[in-house]
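Trainee: Below you'll find coords-v6.txt; it's compact mmCIF, C-alpha atoms.
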# COMPACT_ATOMS: atom_id res chain seq x y z
CA MET Q 1 -19.33 -18.14 -6.75
CA ASP Q 2 -15.58 -17.48 -7.08
CA PHE Q 3 -16.30 -13.76 -7.01
CA LEU Q 4 -18.08 -13.83 -3.64
CA GLN Q 5 -15.06 -14.00 -1.32
CA PRO Q 6 -13.12 -11.22 -3.13
CA LEU Q 7 -16.28 -9.08 -3.10
CA ILE Q 8 -16.87 -9.57 0.63
CA SER Q 9 -13.19 -8.98 1.43
CA PHE Q 10 -13.24 -5.82 -0.69
CA LEU Q 11 -16.38 -4.46 0.99
CA ILE Q 12 -14.96 -5.11 4.47
CA VAL Q 13 -11.67 -3.34 3.68
CA ILE Q 14 -13.21 -0.38 1.87
CA GLY Q 15 -16.08 -0.09 4.37
CA VAL Q 16 -13.74 0.12 7.37
CA LEU Q 17 -11.29 2.50 5.70
CA VAL Q 18 -13.96 4.87 4.37
CA PHE Q 19 -15.72 4.91 7.75
CA VAL Q 20 -12.48 5.73 9.57
CA HIS Q 21 -11.54 8.42 7.04
CA GLU Q 22 -14.91 10.16 7.14
CA LEU Q 23 -15.11 9.79 10.93
CA GLY Q 24 -11.93 11.85 11.13
CA HIS Q 25 -13.50 14.68 9.11
CA PHE Q 26 -16.72 14.46 11.14
CA LEU Q 27 -15.13 14.50 14.61
CA ALA Q 28 -12.77 17.34 13.67
CA ALA Q 29 -15.71 19.36 12.30
CA ILE Q 30 -17.72 18.88 15.50
CA TRP Q 31 -14.68 19.66 17.67
CA THR Q 32 -14.04 22.94 15.84
CA GLY Q 33 -17.68 24.03 16.11
CA MET Q 34 -18.84 23.19 12.58
CA ARG Q 35 -22.09 21.46 11.64
CA ALA Q 36 -22.37 18.40 9.41
CA ASP Q 37 -25.68 17.68 7.67
CA VAL Q 38 -24.72 14.23 6.45
CA PHE Q 39 -22.40 11.38 7.42
CA ALA Q 40 -22.67 8.87 4.58
CA LEU Q 41 -21.15 5.51 3.78
CA GLY Q 42 -21.44 4.92 0.05
CA MET Q 43 -22.35 7.32 -2.71
CA GLY Q 44 -25.51 8.09 -4.63
CA PRO Q 45 -29.14 7.87 -3.42
CA ARG Q 46 -29.88 7.45 0.29
CA VAL Q 47 -31.03 3.88 1.01
CA LEU Q 48 -31.56 4.10 4.77
CA GLY Q 49 -30.39 6.16 7.70
CA TRP Q 50 -31.03 7.69 11.11
CA ASN Q 51 -31.26 11.19 12.49
CA LYS Q 52 -32.48 12.52 15.83
CA LEU Q 53 -35.55 14.28 14.35
CA GLN Q 54 -37.03 11.39 12.34
CA GLY Q 55 -35.35 8.33 13.76
CA PHE Q 56 -34.71 5.41 11.41
CA THR Q 57 -36.08 5.91 7.86
CA PHE Q 58 -35.71 4.50 4.36
CA GLY Q 59 -35.18 6.38 1.13
CA LYS Q 60 -34.73 10.07 0.45
CA LEU Q 61 -35.31 12.68 3.17
CA PRO Q 62 -38.00 15.35 2.66
CA GLU Q 63 -36.55 18.37 0.87
CA ASP Q 64 -38.02 20.79 3.42
CA LEU Q 65 -36.52 18.94 6.40
CA GLU Q 66 -34.30 21.22 8.52
CA LEU Q 67 -31.89 19.17 10.61
CA GLY Q 68 -30.46 22.15 12.49
CA ASP Q 69 -27.45 21.02 14.46
CA HIS Q 70 -28.29 17.34 13.93
CA THR Q 71 -26.72 14.93 11.42
CA ASP Q 72 -28.30 12.32 9.15
CA TYR Q 73 -26.25 9.11 9.34
CA ARG Q 74 -26.93 7.17 6.17
CA LEU Q 75 -26.05 4.29 3.88
CA CYS Q 76 -26.10 5.06 0.18
CA ALA Q 77 -26.66 2.88 -2.85
CA PHE Q 78 -23.14 2.56 -4.25
CA PRO Q 79 -20.42 1.15 -1.92
CA ILE Q 80 -17.58 3.09 -3.56
CA GLY Q 81 -16.74 5.70 -0.95
CA GLY Q 82 -18.40 8.02 1.52
CA TYR Q 83 -18.62 11.65 2.52
CA VAL Q 84 -19.34 14.12 5.30
CA LYS Q 85 -21.38 17.15 4.18
CA ILE Q 86 -20.07 20.08 6.22
CA ILE Q 87 -22.23 23.21 6.11
CA GLY Q 88 -20.58 26.15 4.38
CA MET Q 89 -18.06 24.12 2.41
CA ILE Q 90 -17.95 23.89 -1.38
CA ASP Q 91 -17.26 20.23 -2.03
CA GLU Q 92 -18.09 17.51 -4.53
CA SER Q 93 -21.84 18.09 -4.03
CA PHE Q 94 -21.42 21.55 -5.66
CA ASP Q 95 -23.94 22.97 -3.17
CA THR Q 96 -23.83 26.78 -3.32
CA GLU Q 97 -27.18 27.74 -1.72
CA PHE Q 98 -25.44 29.00 1.41
CA THR Q 99 -23.32 31.51 -0.55
CA ASP Q 100 -26.25 33.95 -0.86
CA LYS Q 101 -26.65 34.11 2.92
CA LYS Q 102 -24.65 35.68 5.69
CA PRO Q 103 -21.99 33.27 7.02
CA GLU Q 104 -23.04 31.58 10.26
CA PRO Q 105 -20.54 30.85 13.06
CA TYR Q 106 -21.02 27.10 12.62
CA GLU Q 107 -20.15 27.10 8.90
CA PHE Q 108 -16.87 25.91 7.42
CA ARG Q 109 -16.33 29.23 5.62
CA SER Q 110 -16.56 31.14 8.91
CA LYS Q 111 -13.63 29.34 10.50
CA GLY Q 112 -9.96 30.22 10.42
CA ALA Q 113 -7.31 28.53 8.29
CA LEU Q 114 -6.10 26.37 11.19
CA ALA Q 115 -9.55 24.90 11.89
CA LYS Q 116 -10.16 24.30 8.17
CA THR Q 117 -6.79 22.60 7.81
CA LEU Q 118 -7.49 20.36 10.79
CA VAL Q 119 -10.88 19.28 9.42
CA LEU Q 120 -9.51 18.62 5.93
CA SER Q 121 -6.49 16.71 7.24
CA ALA Q 122 -8.35 14.69 9.87
CA GLY Q 123 -9.46 11.96 7.45
CA VAL Q 124 -5.90 11.28 6.34
CA LEU Q 125 -4.63 11.42 9.93
CA MET Q 126 -7.26 8.85 10.93
CA ASN Q 127 -6.12 6.55 8.11
CA PHE Q 128 -2.55 6.79 9.35
CA LEU Q 129 -3.68 6.33 12.96
CA LEU Q 130 -5.63 3.19 12.00
CA ALA Q 131 -2.50 1.75 10.40
CA ILE Q 132 -0.45 2.51 13.53
CA VAL Q 133 -3.07 0.85 15.77
CA VAL Q 134 -3.23 -2.23 13.51
CA PHE Q 135 0.56 -2.57 13.26
CA ALA Q 136 0.96 -2.13 17.02
CA GLY Q 137 -1.84 -4.60 17.76
CA LEU Q 138 -0.32 -7.21 15.44
CA THR Q 139 3.11 -6.72 16.99
CA LEU Q 140 1.70 -7.17 20.50
CA SER Q 141 -0.48 -10.15 19.52
CA PHE Q 142 1.87 -12.07 17.27
CA GLY Q 143 5.26 -10.65 18.20
CA HIS Q 144 7.89 -10.48 15.52
CA GLU Q 145 9.82 -13.30 13.92
CA GLU Q 146 13.25 -12.78 12.44
CA MET Q 147 14.89 -15.13 9.96
CA ALA Q 148 17.51 -16.73 12.20
CA THR Q 149 20.06 -17.14 9.44
CA THR Q 150 22.82 -15.10 7.85
CA ARG Q 151 23.64 -17.71 5.20
CA ILE Q 152 23.23 -16.47 1.65
CA GLY Q 153 21.06 -18.59 -0.62
CA TRP Q 154 21.52 -16.50 -3.78
CA ILE Q 155 23.37 -13.30 -4.59
CA ASP Q 156 22.86 -11.00 -7.56
CA PRO Q 157 26.10 -10.76 -9.56
CA ALA Q 158 25.57 -6.98 -9.70
CA SER Q 159 25.34 -6.69 -5.91
CA PRO Q 160 28.05 -4.73 -4.07
CA LEU Q 161 28.53 -7.81 -1.89
CA ALA Q 162 29.10 -10.03 -4.93
CA LYS Q 163 31.65 -7.55 -6.26
CA SER Q 164 33.53 -7.82 -2.97
CA GLY Q 165 33.84 -11.59 -3.37
CA ILE Q 166 30.90 -12.83 -1.28
CA THR Q 167 29.12 -15.81 -2.86
CA ALA Q 168 26.04 -17.99 -2.32
CA GLY Q 169 26.59 -20.38 0.58
CA ASP Q 170 28.64 -17.93 2.62
CA ARG Q 171 27.47 -17.26 6.18
CA ILE Q 172 27.97 -13.71 7.52
CA LEU Q 173 29.37 -13.78 11.06
CA SER Q 174 30.01 -10.10 11.81
CA ILE Q 175 30.03 -6.65 10.21
CA ASP Q 176 32.56 -4.07 11.40
CA GLY Q 177 33.29 -6.30 14.37
CA LYS Q 178 29.64 -6.58 15.47
CA SER Q 179 28.17 -10.08 15.47
CA VAL Q 180 25.00 -10.65 13.45
CA ALA Q 181 22.64 -13.52 14.26
CA THR Q 182 19.61 -12.78 12.09
CA TRP Q 183 19.00 -11.67 8.52
CA GLY Q 184 17.51 -8.43 9.85
CA ASP Q 185 20.65 -7.69 11.88
CA MET Q 186 22.79 -8.20 8.80
CA ALA Q 187 20.59 -6.08 6.52
CA GLU Q 188 20.39 -3.29 9.12
CA ALA Q 189 24.18 -3.16 9.44
CA LEU Q 190 24.67 -2.98 5.67
CA ALA Q 191 21.68 -0.97 4.45
CA VAL Q 192 22.41 2.45 5.95
CA ALA Q 193 22.13 4.84 3.01
CA SER Q 194 23.81 7.66 4.98
CA ASN Q 195 26.90 5.57 5.80
CA THR Q 196 29.40 5.75 2.93
CA SER Q 197 32.26 4.09 4.81
CA ASP Q 198 33.42 0.63 3.74
CA ARG Q 199 32.12 -2.34 5.72
CA THR Q 200 34.41 -5.07 7.04
CA VAL Q 201 32.59 -8.40 6.78
CA LEU Q 202 33.72 -11.60 8.51
CA LEU Q 203 32.21 -14.66 6.88
CA GLN Q 204 32.41 -18.42 7.02
CA ARG Q 205 32.94 -20.32 3.79
CA ASP Q 206 32.89 -24.09 4.04
CA ALA Q 207 35.13 -24.90 7.03
CA GLY Q 208 37.15 -21.71 7.01
CA ARG Q 209 36.70 -18.04 7.76
CA MET Q 210 37.70 -15.01 5.73
CA MET Q 211 37.44 -11.25 5.87
CA VAL Q 212 36.17 -9.15 2.95
CA ARG Q 213 35.67 -5.44 2.45
CA VAL Q 214 32.43 -4.10 0.92
CA LYS Q 215 32.62 -0.62 -0.58
CA GLY Q 216 30.29 1.78 1.23
CA GLN Q 217 29.83 3.97 -1.85
CA GLU Q 218 28.65 0.94 -3.81
CA LEU Q 219 26.13 0.11 -1.07
CA VAL Q 220 24.79 3.66 -1.00
CA ARG Q 221 24.52 3.73 -4.79
CA ALA Q 222 22.57 0.45 -4.84
CA LEU Q 223 20.24 1.53 -2.03
CA THR Q 224 19.61 4.97 -3.56
CA ALA Q 225 18.77 3.35 -6.90
CA GLU Q 226 16.44 0.98 -4.99
CA ALA Q 227 18.37 -1.99 -6.34
CA GLY Q 228 18.76 -3.20 -2.76
CA LEU Q 229 21.56 -5.30 -1.35
CA GLY Q 230 20.98 -8.03 -3.93
CA VAL Q 231 21.36 -10.88 -1.42
CA TYR Q 232 18.74 -13.41 -0.37
CA PRO Q 233 18.75 -15.92 2.50
CA ASP Q 234 18.82 -19.67 2.18
CA ASN Q 235 15.71 -21.76 2.86
CA MET Q 236 13.52 -19.58 0.64
CA ILE Q 237 10.68 -21.16 -1.35
CA VAL Q 238 9.32 -19.43 -4.43
CA ARG Q 239 5.64 -20.12 -5.08
CA ILE Q 240 3.34 -19.25 -7.98
CA GLY Q 241 0.52 -17.12 -6.57
CA GLU Q 242 -1.54 -16.15 -9.59
CA VAL Q 243 -1.55 -17.36 -13.19
CA VAL Q 244 -2.82 -14.90 -15.78
CA LYS Q 245 -5.29 -16.40 -18.22
CA GLY Q 246 -4.16 -16.59 -21.82
CA ARG Q 247 -0.50 -16.07 -20.98
CA PRO Q 248 2.35 -18.58 -21.56
CA ALA Q 249 2.30 -19.98 -18.01
CA GLU Q 250 -1.41 -20.80 -18.16
CA LYS Q 251 -1.09 -22.31 -21.64
CA ALA Q 252 1.78 -24.50 -20.46
CA GLY Q 253 -0.22 -25.80 -17.49
CA LEU Q 254 1.32 -23.98 -14.53
CA ARG Q 255 -1.08 -23.55 -11.62
CA SER Q 256 -1.42 -21.32 -8.59
CA GLY Q 257 0.37 -23.02 -5.71
CA ASP Q 258 3.05 -24.69 -7.81
CA ILE Q 259 6.53 -24.43 -6.28
CA PRO Q 260 9.26 -23.90 -8.91
CA LEU Q 261 12.27 -25.97 -7.82
CA ALA Q 262 14.50 -25.33 -10.82
CA VAL Q 263 14.41 -23.82 -14.27
CA ASP Q 264 16.28 -25.87 -16.86
CA THR Q 265 19.32 -26.93 -14.78
CA MET Q 266 19.40 -23.94 -12.39
CA PRO Q 267 17.97 -24.40 -8.85
CA ILE Q 268 15.66 -21.53 -7.89
CA ARG Q 269 16.72 -19.72 -4.72
CA SER Q 270 14.88 -16.38 -4.98
CA ILE Q 271 12.19 -14.53 -6.92
CA VAL Q 272 14.71 -12.08 -8.40
CA GLN Q 273 16.90 -14.92 -9.65
CA PHE Q 274 13.89 -16.61 -11.30
CA GLN Q 275 12.74 -13.32 -12.85
CA GLN Q 276 16.18 -12.58 -14.25
CA TYR Q 277 16.32 -16.00 -15.88
CA ILE Q 278 12.90 -15.51 -17.47
CA ARG Q 279 13.86 -12.07 -18.78
CA SER Q 280 16.98 -13.52 -20.37
CA HIS Q 281 14.89 -16.06 -22.32
CA ALA Q 282 12.53 -13.83 -24.32
CA SER Q 283 10.92 -15.78 -27.21
CA LYS Q 284 12.64 -18.97 -26.00
CA SER Q 285 11.38 -22.07 -24.24
CA MET Q 286 12.49 -23.27 -20.84
CA VAL Q 287 11.64 -26.17 -18.58
CA ILE Q 288 10.34 -25.25 -15.12
CA HIS Q 289 10.56 -28.14 -12.65
CA VAL Q 290 7.76 -27.63 -10.11
CA ASP Q 291 6.55 -29.36 -6.98
CA ARG Q 292 2.78 -29.80 -7.24
CA ASP Q 293 1.17 -31.33 -4.16
CA GLY Q 294 4.40 -33.14 -3.33
CA THR Q 295 4.98 -34.49 -6.82
CA PRO Q 296 7.76 -33.04 -8.99
CA ARG Q 297 6.99 -32.50 -12.67
CA PRO Q 298 8.68 -30.69 -15.56
CA ILE Q 299 6.64 -28.10 -17.50
CA THR Q 300 7.88 -26.52 -20.71
CA VAL Q 301 6.99 -22.83 -20.98
CA ASN Q 302 7.47 -20.60 -24.02
CA VAL Q 303 8.52 -17.13 -22.80
CA SER Q 304 6.77 -14.28 -24.62
CA LYS Q 305 8.54 -11.58 -26.61
CA ASP Q 306 8.15 -9.15 -23.70
CA SER Q 307 10.16 -11.51 -21.45
CA THR Q 308 7.21 -12.55 -19.28
CA ILE Q 309 5.21 -15.71 -18.73
CA GLY Q 310 2.20 -14.27 -16.85
CA VAL Q 311 2.59 -15.32 -13.22
CA GLN Q 312 2.65 -13.55 -9.89
CA LEU Q 313 5.35 -14.92 -7.64
CA GLU Q 314 5.36 -15.24 -3.87
CA THR Q 315 8.08 -16.27 -1.48
CA GLU Q 316 8.21 -18.02 1.90
CA TYR Q 317 11.04 -18.53 4.35
CA THR Q 318 11.12 -22.09 5.76
CA GLY Q 319 14.28 -21.95 7.86
CA PRO Q 320 14.79 -21.32 11.61
CA LYS Q 321 13.17 -18.24 13.12
CA GLN Q 322 13.86 -16.14 16.19
CA ALA Q 323 10.79 -14.88 18.03
CA GLU Q 324 10.80 -11.46 19.66
CA THR Q 325 8.19 -9.94 21.99
CA PHE Q 326 7.52 -6.24 22.55
CA THR Q 327 6.21 -3.92 25.23
CA ILE Q 328 3.37 -1.52 24.37
CA THR Q 329 5.85 1.34 23.96
CA GLU Q 330 8.10 -0.73 21.69
CA ALA Q 331 5.10 -1.92 19.65
CA LEU Q 332 3.86 1.64 19.15
CA SER Q 333 7.33 2.83 18.18
CA SER Q 334 7.65 -0.01 15.68
CA ALA Q 335 4.18 0.74 14.30
CA VAL Q 336 5.01 4.41 13.80
CA ASN Q 337 8.22 3.43 12.00
CA GLN Q 338 6.38 0.95 9.76
CA THR Q 339 3.77 3.57 8.90
CA GLY Q 340 6.40 6.19 8.16
CA GLN Q 341 8.39 3.80 5.96
CA THR Q 342 5.24 2.83 4.05
CA ILE Q 343 4.29 6.49 3.49
CA SER Q 344 7.80 7.14 2.20
CA MET Q 345 7.65 4.11 -0.09
CA ILE Q 346 4.27 5.11 -1.55
CA GLY Q 347 5.46 8.68 -2.03
CA ALA Q 348 8.56 7.43 -3.84
CA SER Q 349 6.39 5.21 -6.07
CA VAL Q 350 4.17 8.15 -7.02
CA ALA Q 351 7.27 10.22 -7.77
CA HIS Q 352 8.64 7.49 -10.03
CA VAL Q 353 5.35 7.32 -11.93
CA VAL Q 354 5.40 11.10 -12.43
CA GLN Q 355 9.02 10.93 -13.58
CA GLY Q 356 8.18 8.11 -15.97
CA THR Q 357 10.68 5.65 -14.50
CA VAL Q 358 7.90 3.24 -13.47
CA SER Q 359 4.82 2.43 -15.53
CA VAL Q 360 1.36 3.30 -14.27
CA LYS Q 361 0.18 -0.25 -14.88
CA GLU Q 362 2.83 -1.62 -12.52
CA SER Q 363 2.05 0.89 -9.79
CA PHE Q 364 -1.71 1.31 -9.52
CA GLY Q 365 -4.56 -1.06 -8.88
CA GLY Q 366 -8.30 -0.43 -8.81
CA PRO Q 367 -11.21 -2.15 -7.08
CA ILE Q 368 -10.70 -5.47 -8.85
CA ARG Q 369 -7.05 -5.62 -7.89
CA ILE Q 370 -7.80 -4.60 -4.30
CA ALA Q 371 -10.51 -7.28 -4.10
CA GLN Q 372 -8.10 -9.94 -5.36
CA LEU Q 373 -5.38 -8.96 -2.90
CA ALA Q 374 -7.87 -8.65 -0.03
CA SER Q 375 -9.20 -12.13 -0.78
CA ARG Q 376 -5.71 -13.60 -0.96
CA SER Q 377 -4.67 -11.94 2.30
CA SER Q 378 -7.80 -13.23 4.05
CA ASP Q 379 -6.95 -16.76 2.89
CA MET Q 380 -3.58 -16.38 4.63
CA GLY Q 381 -5.21 -15.54 7.99
CA ILE Q 382 -6.34 -12.61 10.11
CA GLU Q 383 -2.81 -11.25 10.60
CA SER Q 384 -2.21 -11.00 6.86
CA PHE Q 385 -5.67 -9.51 6.24
CA LEU Q 386 -5.27 -6.83 8.90
CA ARG Q 387 -1.79 -5.95 7.68
CA PHE Q 388 -3.16 -5.59 4.15
CA MET Q 389 -5.94 -3.33 5.47
CA ALA Q 390 -3.36 -1.15 7.21
CA LEU Q 391 -1.32 -0.80 4.02
CA ILE Q 392 -4.40 0.16 1.98
CA SER Q 393 -5.36 2.64 4.72
CA ILE Q 394 -1.97 4.34 4.35
CA SER Q 395 -2.33 4.33 0.56
CA LEU Q 396 -5.76 5.94 0.83
CA GLY Q 397 -4.34 8.61 3.13
CA VAL Q 398 -1.39 9.42 0.87
CA MET Q 399 -3.56 9.59 -2.25
CA ASN Q 400 -6.01 11.93 -0.54
CA LEU Q 401 -3.16 14.32 0.23
CA LEU Q 402 -2.33 14.80 -3.44
CA PRO Q 403 -3.03 18.46 -4.37
CA LEU Q 404 -5.78 17.58 -6.85
CA PRO Q 405 -9.28 19.14 -6.96
CA GLY Q 406 -11.82 16.83 -5.38
CA LEU Q 407 -9.30 15.35 -2.94
CA ASP Q 408 -8.47 16.59 0.56
CA GLY Q 409 -5.16 17.86 -0.77
CA GLY Q 410 -7.00 20.01 -3.33
CA HIS Q 411 -9.16 21.58 -0.61
CA LEU Q 412 -6.03 22.24 1.44
CA VAL Q 413 -4.56 24.15 -1.52
CA PHE Q 414 -7.64 26.42 -1.50
CA VAL Q 415 -7.24 27.01 2.24
CA GLY Q 416 -3.55 27.81 1.81
CA ILE Q 417 -4.20 30.31 -0.99
CA GLU Q 418 -6.97 32.01 0.98
CA ALA Q 419 -4.72 32.25 4.04
CA ILE Q 420 -2.06 33.98 1.94
CA ILE Q 421 -4.34 36.43 0.12
CA ARG Q 422 -6.49 36.94 3.26
CA ARG Q 423 -9.80 36.61 1.45
CA GLU Q 424 -12.05 33.86 0.15
CA LEU Q 425 -11.64 32.74 -3.44
CA PRO Q 426 -14.66 33.39 -5.73
CA THR Q 427 -17.32 30.70 -5.47
CA ALA Q 428 -17.59 30.40 -9.27
CA PHE Q 429 -13.84 29.70 -9.46
CA LYS Q 430 -14.03 27.00 -6.77
CA ILE Q 431 -16.99 25.35 -8.48
CA ARG Q 432 -15.22 25.32 -11.84
CA VAL Q 433 -12.04 23.86 -10.37
CA GLN Q 434 -14.05 21.23 -8.50
CA GLN Q 435 -15.92 20.27 -11.67
CA VAL Q 436 -12.70 19.88 -13.62
CA GLY Q 437 -11.15 17.94 -10.74
CA MET Q 438 -14.10 15.57 -10.43
CA ALA Q 439 -14.05 14.95 -14.18
CA LEU Q 440 -10.34 14.12 -13.99
CA LEU Q 441 -10.89 11.83 -10.98
CA LEU Q 442 -13.67 9.98 -12.78
CA MET Q 443 -11.42 9.57 -15.81
CA LEU Q 444 -8.64 8.28 -13.54
CA MET Q 445 -11.02 5.82 -11.89
CA ALA Q 446 -12.14 4.57 -15.30
CA PHE Q 447 -8.51 4.24 -16.40
CA VAL Q 448 -7.53 2.29 -13.26
CA LEU Q 449 -10.54 0.01 -13.77
CA TYR Q 450 -9.39 -0.52 -17.35
CA LEU Q 451 -5.95 -1.48 -16.06
CA ASP Q 452 -7.59 -3.98 -13.69
CA LEU Q 453 -9.55 -5.57 -16.51
CA THR Q 454 -6.56 -5.80 -18.84
CA ARG Q 455 -3.97 -6.82 -16.23
Translate this structure into structure tokens?
Mentor:
Amino acid sequence: MDFLQPLISFLIVIGVLVFVHELGHFLAAIWTGMRADVFALGMGPRVLGWNKLQGFTFGKLPEDLELGDHTDYRLCAFPIGGYVKIIGMIDESFDTEFTDKKPEPYEFRSKGALAKTLVLSAGVLMNFLLAIVVFAGLTLSFGHEEMATTRIGWIDPASPLAKSGITAGDRILSIDGKSVATWGDMAEALAVASNTSDRTVLLQRDAGRMMVRVKGQELVRALTAEAGLGVYPDNMIVRIGEVVKGRPAEKAGLRSGDIPLAVDTMPIRSIVQFQQYIRSHASKSMVIHVDRDGTPRPITVNVSKDSTIGVQLETEYTGPKQAETFTITEALSSAVNQTGQTISMIGASVAHVVQGTVSVKESFGGPIRIAQLASRSSDMGIESFLRFMALISISLGVMNLLPLPGLDGGHLVFVGIEAIIRRELPTAFKIRVQQVGMALLLMLMAFVLYLDLTR
């Protein structure tokens, strides 16, 4: 029954997100005077539903049933999506019966470009709005905790801070004369990609204090290349989250939940440090000293030729924290910022995949991967689960905006072209593009599922 919790978690996440997305399309259609025949959760044959003319019914509706300005709200057989069937719109159903008739005022094709754009964008906007509401609600309910430390636990030798002479164990006191009390304060003062001026850093080392200068150009270069600051706080625990079957870690006996304390003779202070050590030991063996249920034990692992051992790593901060509460306005502002940053991050990831700088396998996950992550987040509590749902909601919104046939972004391209040429594109052309787009989407879904199965 190990599959049951991931399945339930997956259905809850996808069910909520699909409902919210399609509700956006539906409400925008009604608001702009369009009619929607169907509001469906799931795809495929109708299992059950309700409409004002027939009430609650099972199975397929009669073919001669005319709903008029009413909508059939239904559940379909396959829980892999949903749709709103708007009259007068050529969509994934490939329905073209209306094209032989005179356009009615309530049809999609009778409306202007602005109304069409609103209806097509409403699903994505609702996904983003859901994320904002969730983020704001979590901020109001749980507040925000900052890591109340500025002491460095590990520093990447390639970091601009390391090049300036800062080392592990140093505690940052101020940056450019401004005191910093939390890790967030320190990161915010350093990680400003638009600020190329050098930073003056006052730090404490052992019993003394010293001043160092960090080159602003080096910081900007590291941030632009997404290498980050390369510094990590003390009191960080690295934990093994998932062990891939058949890989070196599983063969050696590592388990999910193990806490790596050291590798060979090197204490582990951060995930990046641990990863770098593994990568430097391709085709070699190393001894990972782990804490398992309070008992330390050494485990010898043979690193594969591709410099991996087959584990997913997690991290947890165990040091002092500083709690912060927010007003409703502050929570909403923070939620909007979080949503915007996540959209930017996802967009950058897609761009890297297109450019070939990041592999598809590292970037995309299908239903199996989502189910695994949803299950893991639910194990960590309601806050983690809701935050995961918000992130997936943003991902769904961004992906739907891609200008591909079959997605909202593809429909928006049609609307934009028609607005420019001031006439409707030929129905046969739209159908052909939609067919090609759906075929490509199905191939992409199959490929992502393949990645899930082989990951």
Trainee: Counting all atoms listed in the file, which residues of region 32-96 of chain Q sit at most 6 Å from some atom of region 107-123 of chain Q, and what is each one's closest atom pair with its distance in Å to one decimal, listed by chain and rising residue number, as JSON lines?
Mentor:
{"residue": "Q:Met34", "atom": "CA", "partner": "Q:Glu107", "partner_atom": "CA", "distance": 5.5}
{"residue": "Q:Ile87", "atom": "CA", "partner": "Q:Glu107", "partner_atom": "CA", "distance": 5.2}
{"residue": "Q:Gly88", "atom": "CA", "partner": "Q:Glu107", "partner_atom": "CA", "distance": 4.6}
{"residue": "Q:Met89", "atom": "CA", "partner": "Q:Phe108", "partner_atom": "CA", "distance": 5.5}
Trainee: Separation of CA of Leu173 (chain Q) and CA of Ala189 (chain Q), in Å?
Mentor: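 CA of Ala189 (chain Q) lies 11.9 Å from CA of Leu173 (chain Q).
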Trainee: Between Q:Leu440, Q:Ile30, Q:Leu190, Q:Val398, single out the one closest to Ile86 (chain Q), counting only C-alpha atoms.
Mentor: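 Smallest distance to Ile86 (chain Q) is found for Q:Ile30.
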Trainee: Could you tell me which of Q:Ala207, Q:Leu27, Q:Ile278, Q:Leu391 comes closest to Gly169 (chain Q) if we count all atoms listed in the file?
Mentor: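 Checking each of Q:Ala207, Q:Leu27, Q:Ile278, Q:Leu391 against Gly169 (chain Q), counting all atoms listed in the file, the winner is Q:Ala207.
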Trainee: So which residues touch Ala136 (chain Q) within 6 Å, counting only C-alpha atoms, skipping near sequence neighbours fewer than 2 positions away, as a ChimeraX atom specification?
Mentor: /Q:132-134,138-139,331-332,335
Trainee: Once you have the residues from the selection above, write them out as a CSV table (one decimal), in the coordinates of the input, restricted to C-alpha atoms.
Mentor:
chain,number,residue,atom,x,y,z
Q,132,ILE,CA,-0.4,2.5,13.5
Q,133,VAL,CA,-3.1,0.8,15.8
Q,134,VAL,CA,-3.2,-2.2,13.5
Q,138,LEU,CA,-0.3,-7.2,15.4
Q,139,THR,CA,3.1,-6.7,17.0
Q,331,ALA,CA,5.1,-1.9,19.6
Q,332,LEU,CA,3.9,1.6,19.2
Q,335,ALA,CA,4.2,0.7,14.3
